[in-house]
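*Asks:* Okay, here's the structure, questions in a sec.
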Amino acid sequence: MQKLHEEHATDILERRAANNADEMMEIEAAVNEAMSVFNRGGASAVMVAAATSAAREQTNLPVQLDEFGKDVNEHKRIDVMQRAEARK
């Protein structure tokens, strides 16, 4: 029973770490884009729009094919989308 609890706790920690990594990837892209607009002297509405689009684009992993022609990032994209839906 203790082993089951440990495995459950490990799964929860892994899921939380993956969620944090996904969110940080989106946040970093949004902040970098907002800072670049701010440095160019753009308006706040432009800054928000740029940050939002950068965060959305960051979640789209590029297609990367293995030696059999299968997309290796497909499963990662599905996992990211499922975690994003679960956070909402």
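Residue numbering restarts at 1 in every chain; chains get A, B, ... in the order shown in the structure tokens, and ligands count up from 1 in that same order.
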Please list as a PyMOL selection string every residue within 12 Å of Ala21 in chain A, counting only C-alpha atoms and excluding residues in the same chain fewer than 4 positions away.

*Replies:* chain A and resi 14-17+25-28+58-59+80+83-84

*Asks:* Could you take the residues named above and write them with C-alpha atoms, as a PDB file, in the first residue's frame?

*Replies:*
ATOM      1  CA  GLU A  14       5.734  14.635 -12.432  1.00  0.00           C
ATOM      2  CA  ARG A  15       2.435  16.075 -13.648  1.00  0.00           C
ATOM      3  CA  ARG A  16       2.958  19.261 -11.642  1.00  0.00           C
ATOM      4  CA  ALA A  17       6.499  19.617 -12.973  1.00  0.00           C
ATOM      5  CA  MET A  25       7.521  28.195 -21.568  1.00  0.00           C
ATOM      6  CA  GLU A  26       4.413  30.261 -22.375  1.00  0.00           C
ATOM      7  CA  ILE A  27       5.216  32.964 -19.825  1.00  0.00           C
ATOM      8  CA  GLU A  28       8.821  33.376 -20.954  1.00  0.00           C
ATOM      9  CA  GLN A  58       5.120  28.763 -28.059  1.00  0.00           C
ATOM     10  CA  THR A  59       2.761  25.878 -27.347  1.00  0.00           C
ATOM     11  CA  VAL A  80       0.578  19.887 -23.604  1.00  0.00           C
ATOM     12  CA  ARG A  83      -2.625  19.760 -19.507  1.00  0.00           C
ATOM     13  CA  ALA A  84      -3.658  23.210 -20.740  1.00  0.00           C
TER      14      ALA A  84
END

*Asks:* Can you list, as JSON, numbers by chain, all residues belonging to chain A that DSSP tags as alpha helix (DSSP H)?

*Replies:* {"A": [2, 3, 4, 5, 6, 7, 8, 9, 10, 11, 12, 13, 14, 15, 16, 17, 18, 19, 20, 21, 22, 23, 24, 25, 26, 27, 28, 29, 30, 31, 32, 33, 34, 35, 36, 37, 38, 39, 44, 45, 46, 47, 48, 49, 50, 51, 52, 53, 54, 55, 56, 57, 58, 74, 75, 76, 77, 78, 79, 80, 81, 82, 83, 84, 85, 86, 87]}

*Asks:* Which residue gives the smallest distance to Glu33 in chain A among A:Leu4, A:Ala51, A:Ala45, A:Ala9, with only C-alpha atoms counted?

*Replies:* A:Ala51

*Asks:* What separation in Å, quoted to one decimal, exists between CA of Glu74 in chain A and CA of Asp22 in chain A?

*Replies:* 15.3 Å

*Asks:* Between CA of Lys76 in chain A and CA of Asn19 in chain A, what is the distance, to one decimal in Å?

*Replies:*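 Between CA of Lys76 in chain A and CA of Asn19 in chain A the gap is 12.3 Å.
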
*Asks:* Grab the CA of Met47 in chain A to CA of Ala34 in chain A distance for me, in Å with one decimal place.

*Replies:*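 About the pair CA of Met47 in chain A and CA of Ala34 in chain A: they are 5.0 Å apart.
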